[in-house]
file target.txt (compact mmCIF, C-alpha atoms)
# COMPACT_ATOMS: atom_id res chain seq x y z
CA MET A 1 -59.80 31.56 3.21
CA SER A 2 -63.15 30.28 4.47
CA ILE A 3 -64.64 32.16 7.39
CA HIS A 4 -65.49 28.78 8.93
CA GLN A 5 -62.19 28.15 10.63
CA ARG A 6 -61.03 26.75 13.93
CA PHE A 7 -57.77 27.54 15.75
CA GLU A 8 -56.09 24.70 17.62
CA ILE A 9 -52.83 24.35 19.51
CA VAL A 10 -51.06 21.05 18.81
CA PRO A 11 -48.62 19.98 21.58
CA PHE A 12 -45.20 19.01 20.26
CA ASN A 13 -42.61 17.97 22.87
CA ASP A 14 -42.04 21.12 24.96
CA HIS A 15 -43.47 23.39 22.25
CA HIS A 16 -46.90 24.23 20.87
CA ILE A 17 -47.81 24.55 17.21
CA LEU A 18 -50.68 26.92 16.39
CA THR A 19 -52.84 25.64 13.56
CA VAL A 20 -55.86 26.82 11.61
CA ARG A 21 -58.37 24.32 10.24
CA ASN A 22 -60.98 25.29 7.68
CA ASP A 23 -62.79 23.96 4.65
CA HIS A 24 -59.51 23.94 2.70
CA GLY A 25 -57.58 21.82 5.18
CA VAL A 26 -55.06 22.37 7.95
CA HIS A 27 -52.68 25.35 7.96
CA VAL A 28 -49.75 26.12 10.27
CA VAL A 29 -49.05 29.58 11.68
CA MET A 30 -45.46 30.10 10.61
CA LYS A 31 -43.79 32.96 12.48
CA PRO A 32 -43.86 31.40 16.00
CA ILE A 33 -42.35 28.14 14.67
CA VAL A 34 -39.65 29.89 12.67
CA GLU A 35 -38.60 31.92 15.70
CA ALA A 36 -38.78 28.88 18.01
CA LEU A 37 -36.31 27.15 15.69
CA GLY A 38 -33.93 30.10 16.02
CA LEU A 39 -34.41 31.22 12.41
CA ASP A 40 -35.06 34.71 11.07
CA TRP A 41 -38.74 35.11 10.12
CA SER A 42 -38.12 37.83 7.55
CA SER A 43 -35.61 35.66 5.67
CA GLN A 44 -37.83 32.57 5.82
CA HIS A 45 -40.86 34.54 4.66
CA LYS A 46 -38.88 35.66 1.60
CA ARG A 47 -37.70 32.09 0.94
CA ILE A 48 -41.26 30.77 1.01
CA SER A 49 -42.54 33.62 -1.16
CA ARG A 50 -39.88 32.96 -3.82
CA HIS A 51 -40.46 29.19 -3.91
CA PRO A 52 -42.82 28.23 -6.80
CA VAL A 53 -44.56 25.47 -4.80
CA LEU A 54 -44.40 26.73 -1.21
CA ALA A 55 -45.67 30.17 -2.20
CA GLU A 56 -48.91 28.61 -3.46
CA GLY A 57 -49.55 27.16 0.00
CA MET A 58 -49.02 30.39 1.96
CA VAL A 59 -51.96 32.68 2.70
CA ILE A 60 -52.72 35.46 5.16
CA THR A 61 -55.41 34.95 7.79
CA THR A 62 -56.60 36.75 10.89
CA ILE A 63 -56.17 35.17 14.30
CA PRO A 64 -57.12 36.39 17.77
CA SER A 65 -54.30 37.50 20.12
CA VAL A 66 -53.86 39.29 23.44
CA ASN A 67 -53.53 42.55 21.50
CA GLY A 68 -56.62 41.92 19.42
CA LYS A 69 -56.94 40.40 15.98
CA GLN A 70 -53.81 40.27 13.81
CA ASP A 71 -52.96 39.15 10.32
CA VAL A 72 -50.50 36.22 10.12
CA ALA A 73 -48.98 34.08 7.39
CA VAL A 74 -50.02 30.42 7.45
CA LEU A 75 -48.80 27.53 5.35
CA GLU A 76 -50.75 24.48 4.21
CA LEU A 77 -49.72 21.40 6.20
CA GLU A 78 -48.18 19.64 3.19
CA CYS A 79 -46.24 22.77 2.24
CA PHE A 80 -45.18 23.18 5.87
CA HIS A 81 -43.59 19.73 5.69
CA GLY A 82 -41.90 20.69 2.40
CA TRP A 83 -40.53 23.88 3.95
CA LEU A 84 -39.15 21.95 6.93
CA VAL A 85 -37.17 19.50 4.83
CA THR A 86 -35.56 22.34 2.83
CA ILE A 87 -33.79 23.55 6.00
CA SER A 88 -30.25 22.19 6.21
CA PRO A 89 -29.38 21.29 9.84
CA ASP A 90 -25.67 21.23 8.93
CA ARG A 91 -25.75 25.01 8.50
CA ILE A 92 -26.97 25.54 12.11
CA THR A 93 -24.01 25.99 14.45
CA ASP A 94 -25.98 25.83 17.71
CA ASP A 95 -26.30 22.18 18.79
CA ASP A 96 -29.65 22.64 20.58
CA LYS A 97 -31.22 24.48 17.67
CA ARG A 98 -29.89 21.91 15.20
CA ALA A 99 -31.35 19.05 17.27
CA LEU A 100 -34.70 20.86 17.48
CA ILE A 101 -34.84 21.36 13.71
CA ILE A 102 -34.09 17.68 13.11
CA GLU A 103 -36.85 16.70 15.57
CA TYR A 104 -39.34 18.94 13.75
CA GLN A 105 -38.29 17.47 10.40
CA ARG A 106 -38.64 13.97 11.76
CA ARG A 107 -42.00 14.21 13.57
CA ALA A 108 -43.87 17.51 13.30
CA PHE A 109 -45.87 16.72 10.14
CA ARG A 110 -47.04 13.37 11.51
CA VAL A 111 -47.96 14.82 14.92
CA ILE A 112 -50.12 17.55 13.35
CA PHE A 113 -51.71 15.17 10.84
CA GLU A 114 -52.60 12.60 13.48
CA HIS A 115 -53.95 15.34 15.77
CA PHE A 116 -56.65 16.08 13.19
CA HIS A 117 -57.05 12.78 11.32
CA GLY A 118 -56.04 10.03 13.78
CA PRO A 119 -53.08 7.62 13.62
CA ILE A 120 -51.54 6.90 10.25
CA ARG A 121 -51.98 3.16 9.77
CA GLN A 122 -49.40 1.18 7.86
CA ALA A 123 -50.87 -1.39 5.52
CA GLU A 124 -49.76 -4.88 6.45
CA PRO A 125 -48.16 -6.72 3.51
CA ALA A 126 -49.85 -9.88 2.35
CA TYR A 127 -48.21 -13.11 3.48
CA SER A 128 -45.81 -14.48 0.89
CA PRO A 129 -44.01 -17.81 1.49
CA VAL A 130 -41.56 -17.06 -1.30
CA ARG A 131 -40.68 -13.65 0.16
CA ASP A 132 -40.23 -15.15 3.62
CA LEU A 133 -37.96 -17.88 2.22
CA ILE A 134 -35.82 -15.30 0.41
CA ALA A 135 -35.56 -13.27 3.64
CA LEU A 136 -34.36 -16.37 5.54
CA GLN A 137 -31.82 -17.15 2.83
CA ASN A 138 -30.49 -13.59 2.87
CA GLN A 139 -30.17 -13.69 6.65
CA ALA A 140 -28.30 -17.01 6.41
CA MET A 141 -25.90 -15.48 3.88
CA ARG A 142 -25.27 -12.52 6.18
CA LEU A 143 -24.49 -14.83 9.10
CA SER A 144 -22.14 -16.89 6.90
CA ALA A 145 -20.32 -13.72 5.86
CA ARG A 146 -20.09 -12.65 9.50
CA LEU A 147 -18.46 -15.98 10.40
CA GLN A 148 -15.87 -15.40 7.67
CA ARG A 149 -14.98 -12.04 9.25
CA THR A 150 -15.14 -13.04 12.94
CA SER A 151 -12.28 -14.83 14.71
CA ASN A 152 -13.51 -14.66 18.32
CA ALA A 153 -14.24 -18.28 19.24
CA ALA A 154 -17.26 -17.60 21.49
CA ASP A 155 -18.86 -15.25 18.97
CA ARG A 156 -18.31 -17.75 16.16
CA ARG A 157 -20.09 -20.54 18.02
CA MET A 158 -23.04 -18.30 18.86
CA VAL A 159 -23.39 -17.11 15.25
CA HIS A 160 -23.01 -20.67 13.94
CA ALA A 161 -25.86 -21.80 16.23
CA MET A 162 -28.03 -19.01 14.81
CA LEU A 163 -27.07 -20.10 11.29
CA ALA A 164 -28.00 -23.69 12.10
CA GLY A 165 -31.46 -22.54 13.21
CA LEU A 166 -32.00 -20.66 9.96
CA CYS A 167 -30.74 -23.55 7.85
CA GLY A 168 -33.20 -25.81 9.65
CA GLN A 169 -36.07 -23.47 8.72
CA ILE A 170 -34.91 -23.30 5.11
CA GLY A 171 -34.40 -27.06 4.93
CA ILE A 172 -30.72 -27.14 3.99
CA GLU A 173 -27.65 -28.60 5.67
CA THR A 174 -25.65 -26.27 7.91
CA PRO A 175 -22.06 -25.74 6.67
CA PRO A 176 -19.44 -26.93 9.20
CA LEU A 177 -17.98 -24.17 11.35
CA ASP A 178 -14.41 -24.87 10.23
CA GLN A 179 -15.43 -24.13 6.63
CA LEU A 180 -16.56 -20.62 7.56
CA GLY A 181 -13.39 -18.85 8.67
CA SER A 182 -11.38 -19.86 11.70
CA ASP A 183 -10.95 -19.13 15.40
CA ALA A 184 -8.19 -16.78 16.45
CA PRO A 185 -5.29 -18.52 18.18
CA THR A 186 -5.75 -18.73 21.94
CA ALA A 187 -3.50 -16.75 24.26
CA PRO A 188 -1.29 -19.77 25.11
CA ASP A 189 -0.88 -20.57 21.40
CA GLN A 190 0.06 -16.96 20.66
CA LEU A 191 2.61 -16.85 23.46
CA ARG A 192 4.18 -20.19 22.52
CA ALA A 193 4.69 -18.96 18.97
CA PHE A 194 6.18 -15.69 20.24
CA TRP A 195 8.68 -17.31 22.62
CA HIS A 196 9.60 -19.86 19.95
CA GLY A 197 10.27 -16.94 17.61
CA LEU A 198 12.68 -15.44 20.16
CA GLU A 199 14.41 -18.82 20.52
CA THR A 200 14.78 -19.01 16.75
CA LEU A 201 16.40 -15.57 16.67
CA ALA A 202 18.75 -16.56 19.50
CA GLY A 203 19.71 -19.69 17.53
CA LEU A 204 20.59 -17.43 14.61
CA GLY A 205 22.84 -15.37 16.88
CA VAL A 206 20.50 -12.38 17.03
CA ASP A 207 20.49 -10.70 20.45
CA VAL A 208 17.21 -8.85 21.19
CA ASN A 209 17.47 -8.31 24.97
CA HIS A 210 18.06 -4.62 25.70
CA SER A 211 18.13 -5.04 29.49
CA ARG A 212 21.41 -4.66 31.37
CA ARG A 213 20.04 -6.85 34.18
CA ALA A 214 20.54 -10.60 33.92
CA ASP A 215 17.15 -11.37 35.46
CA LEU A 216 15.17 -9.28 32.99
CA LEU A 217 14.21 -9.62 29.35
CA ALA A 218 13.48 -6.32 27.60
CA VAL A 219 12.37 -6.46 23.98
CA SER A 220 11.33 -3.82 21.46
CA LEU A 221 8.23 -4.92 19.54
CA PRO A 222 8.90 -2.79 16.42
CA GLU A 223 12.40 -4.28 16.28
CA LEU A 224 11.06 -7.84 16.74
CA LYS A 225 8.43 -7.30 14.07
CA ALA A 226 11.15 -6.36 11.56
CA LEU A 227 13.40 -9.24 12.64
CA PHE A 228 10.60 -11.82 12.40
CA ARG A 229 9.82 -10.62 8.90
CA ALA A 230 13.47 -10.54 7.84
CA HIS A 231 14.12 -14.11 9.03
CA GLY A 232 10.84 -15.58 7.82
CA ILE A 233 9.45 -16.25 11.30
CA GLY A 234 5.67 -16.42 11.08
CA VAL A 235 4.71 -14.51 14.21
CA GLU A 236 2.27 -11.62 13.83
CA ILE A 237 2.62 -8.97 16.54
CA ASP A 238 -1.01 -7.86 16.72
CA LYS A 239 -3.49 -6.75 19.36
CA LEU A 240 -4.27 -10.30 20.50
CA LEU A 241 -0.60 -11.14 20.95
CA ARG A 242 0.02 -7.96 22.95
CA GLU A 243 -2.93 -8.78 25.20
CA SER A 244 -1.52 -12.31 25.66
CA MET A 245 1.93 -10.94 26.50
CA ARG A 246 0.46 -8.88 29.33
CA LEU A 247 -0.81 -12.15 30.85
CA SER A 248 2.50 -13.97 30.50
CA GLU A 249 3.74 -15.72 33.67
CA ARG A 250 6.86 -17.57 32.48
CA PRO A 251 8.57 -15.19 31.94
CA ARG A 252 6.34 -12.81 33.89
CA PHE A 253 5.29 -9.55 32.31
CA MET A 254 6.47 -6.55 34.34
CA ALA A 255 5.94 -3.29 32.42
CA ILE A 256 6.25 -1.31 29.21
CA LYS A 257 8.90 1.31 29.80
CA SER A 258 11.98 3.04 28.46
CA VAL A 259 15.14 0.97 28.99
CA ASN A 260 18.77 2.12 28.89
CA SER A 261 19.75 -0.29 26.14
CA ARG A 262 22.81 -2.55 26.30
CA LEU A 263 22.54 -3.04 22.51
CA LEU A 264 22.15 0.55 21.36
CA PRO A 265 23.60 3.85 22.61
CA LYS A 266 20.17 5.18 23.58
CA ALA A 267 17.04 4.45 25.60
CA VAL A 268 14.54 2.12 23.94
CA SER A 269 10.84 1.58 24.70
CA CYS A 270 10.56 -2.09 25.66
CA TRP A 271 8.24 -4.76 27.00
CA VAL A 272 9.98 -5.98 30.15
CA PHE A 273 9.65 -9.51 31.56
CA LEU A 274 11.10 -11.18 34.65
CA LYS A 275 12.88 -14.33 33.56
CA SER A 276 11.82 -17.64 35.09
CA ALA A 277 13.92 -19.04 37.94
CA ALA A 278 15.38 -21.70 35.63
CA ALA A 279 16.74 -19.01 33.35
CA LEU A 280 18.42 -17.01 36.11
CA PRO A 281 22.16 -17.35 36.62
CA GLU A 282 23.28 -19.65 39.43
CA PRO A 283 24.10 -17.72 42.60
CA THR A 284 27.79 -17.48 43.48
call {"tool": "encode", "arguments": {"input": "target.txt", "output": "structure tokens"}}
result
Amino acid sequence: MSIHQRFEIVPFNDHHILTVRNDHGVHVVMKPIVEALGLDWSSQHKRISRHPVLAEGMVITTIPSVNGKQDVAVLELECFHGWLVTISPDRITDDDKRALIIEYQRRAFRVIFEHFHGPIRQAEPAYSPVRDLIALQNQAMRLSARLQRTSNAADRRMVHAMLAGLCGQIGIETPPLDQLGSDAPTAPDQLRAFWHGLETLAGLGVDVNHSRRADLLAVSLPELKALFRAHGIGVEIDKLLRESMRLSERPRFMAIKSVNSRLLPKAVSCWVFLKSAAALPEPT
């Protein structure tokens, strides 16, 4: 190595990276970094020495220390970056060490480079009307696909407004909202369909109330799901329906609990509702 060399410490987060700059470029002193990452220096030295490319970038130089001058292995900056990316974080069991290795892989090369050469500037792409138009069209397609997947009414109207803005920039007509998927049924609609389904089952002579109390309605959702399917009743017992059932007032939702069934010789997990006053038996 050239005798005209300069030693510099490059700050990196809470660590310091010792570097050597000479006529041949920037080199990184390896042993302190390897040990700071929780790796074994002897093993890493052998790995670098065996590698056909990394070995070419490793040389021995003399640096000053508190105990006098000492010989150390340094690696060219580009080879240092190559060595870093060959380390597999998945093989590191310690979370802190794994996070530190990933941070070095992500930023260390750039920090050292910019320390010596200044910020890396990204070239700005030339303006292209065609490219911008294609980007707008692709974004409009993504919003249209999102509307097809989304059923939340508020979200759909917000996304459709965004789509309308893009279509205006592109110069095309905005597709109507009702042609891009549909809103989920509202809670009242869901509940009406559910109670109508129970009325339909009752009309068919199917008893679903497990409660022994006359003022309560206790139903098993898995049982109802099977009965609705068996009798062709188009009620889907999904997350939205269950959320709506919790808000039910007539009959009023009480709890989800185990009920000593009047229909089966066992306890059954049921959704329990208090029947409306009109449905209660007349007092004697």
call {"tool": "residues_around", "arguments": {"input": "target.txt", "residues": "segment 8-15 of chain A", "least_positions_apart": "5", "cutoff": "12 Å", "atoms": "all atoms listed in the file", "output": "PDB file with C-alpha atoms, keeping the file's coordinate frame"}}
result
ATOM      1  CA  VAL A  20     -55.860  26.820  11.610  1.00  0.00           C
ATOM      2  CA  ARG A  21     -58.370  24.320  10.240  1.00  0.00           C
ATOM      3  CA  ASN A  22     -60.980  25.290   7.680  1.00  0.00           C
ATOM      4  CA  VAL A  26     -55.060  22.370   7.950  1.00  0.00           C
ATOM      5  CA  HIS A  27     -52.680  25.350   7.960  1.00  0.00           C
ATOM      6  CA  VAL A  28     -49.750  26.120  10.270  1.00  0.00           C
ATOM      7  CA  VAL A  29     -49.050  29.580  11.680  1.00  0.00           C
ATOM      8  CA  PRO A  32     -43.860  31.400  16.000  1.00  0.00           C
ATOM      9  CA  ILE A  33     -42.350  28.140  14.670  1.00  0.00           C
ATOM     10  CA  GLU A  35     -38.600  31.920  15.700  1.00  0.00           C
ATOM     11  CA  ALA A  36     -38.780  28.880  18.010  1.00  0.00           C
ATOM     12  CA  LEU A  37     -36.310  27.150  15.690  1.00  0.00           C
ATOM     13  CA  ILE A  63     -56.170  35.170  14.300  1.00  0.00           C
ATOM     14  CA  PRO A  64     -57.120  36.390  17.770  1.00  0.00           C
ATOM     15  CA  LEU A 100     -34.700  20.860  17.480  1.00  0.00           C
ATOM     16  CA  GLU A 103     -36.850  16.700  15.570  1.00  0.00           C
ATOM     17  CA  TYR A 104     -39.340  18.940  13.750  1.00  0.00           C
ATOM     18  CA  ARG A 106     -38.640  13.970  11.760  1.00  0.00           C
ATOM     19  CA  ARG A 107     -42.000  14.210  13.570  1.00  0.00           C
ATOM     20  CA  ALA A 108     -43.870  17.510  13.300  1.00  0.00           C
ATOM     21  CA  PHE A 109     -45.870  16.720  10.140  1.00  0.00           C
ATOM     22  CA  ARG A 110     -47.040  13.370  11.510  1.00  0.00           C
ATOM     23  CA  VAL A 111     -47.960  14.820  14.920  1.00  0.00           C
ATOM     24  CA  ILE A 112     -50.120  17.550  13.350  1.00  0.00           C
ATOM     25  CA  PHE A 113     -51.710  15.170  10.840  1.00  0.00           C
ATOM     26  CA  GLU A 114     -52.600  12.600  13.480  1.00  0.00           C
ATOM     27  CA  HIS A 115     -53.950  15.340  15.770  1.00  0.00           C
ATOM     28  CA  PHE A 116     -56.650  16.080  13.190  1.00  0.00           C
TER      29      PHE A 116
END
call {"tool": "closest_residue", "arguments": {"input": "target.txt", "among": "A:Leu247, A:Leu264, A:Ala164, A:Leu201", "to": "Ala230 of chain A", "atoms": "all atoms listed in the file"}}
result
A:Leu201
call {"tool": "atom_distance", "arguments": {"input": "target.txt", "atom1": "atom CA of Gly234 of chain A", "atom2": "atom CA of Arg149 of chain A"}}
result
21.2 Å
call {"tool": "atom_distance", "arguments": {"input": "target.txt", "atom1": "atom CA of Ala161 of chain A", "atom2": "atom CA of Asp189 of chain A"}}
result
25.5 Å
call {"tool": "closest_residue", "arguments": {"input": "target.txt", "among": "A:Ile134, A:Ala218, A:Val74, A:Leu163", "to": "Ser49 of chain A", "atoms": "all atoms listed in the file"}}
result
A:Val74
call {"tool": "closest_residue", "arguments": {"input": "target.txt", "among": "A:Ala73, A:Ile60, A:Ile17, A:Leu54", "to": "Lys31 of chain A", "atoms": "all atoms listed in the file"}}
result
A:Ala73
call {"tool": "residues_near_point", "arguments": {"input": "target.txt", "point": "(11.9, -6.6, 25.7)", "cutoff": "6 Å", "atoms": "all atoms listed in the file", "output": "PyMOL selection string"}}
result
chain A and resi 209+217-220+270-272
call {"tool": "residues_near_point", "arguments": {"input": "target.txt", "point": "(-20.5, -24.8, 12.0)", "cutoff": "8 Å", "atoms": "only C-alpha atoms", "output": "ChimeraX atom specification"}}
result
/A:157,160-161,164,174-180
call {"tool": "atom_distance", "arguments": {"input": "target.txt", "atom1": "atom CA of His117 of chain A", "atom2": "atom CA of Phe7 of chain A"}}
result
15.4 Å
call {"tool": "residues_around", "arguments": {"input": "target.txt", "residues": "Leu191 of chain A", "least_positions_apart": "4", "cutoff": "12 Å", "atoms": "only C-alpha atoms", "output": "list of chain:residue names"}}
result
A:Pro185, A:Thr186, A:Ala187, A:Trp195, A:His196, A:Gly197, A:Leu198, A:Val235, A:Glu236, A:Ile237, A:Asp238, A:Leu240, A:Leu241, A:Arg242, A:Glu243, A:Ser244, A:Met245, A:Arg246, A:Leu247, A:Ser248, A:Glu249, A:Arg250, A:Pro251, A:Arg252, A:Phe253
call {"tool": "closest_residue", "arguments": {"input": "target.txt", "among": "A:Leu221, A:Leu166, A:Met58, A:Ala214", "to": "Leu77 of chain A", "atoms": "all atoms listed in the file"}}
result
A:Met58
call {"tool": "closest_residue", "arguments": {"input": "target.txt", "among": "A:Ser269, A:Pro188, A:Lys46, A:Gly203", "to": "Ala255 of chain A", "atoms": "all atoms listed in the file"}}
result
A:Ser269
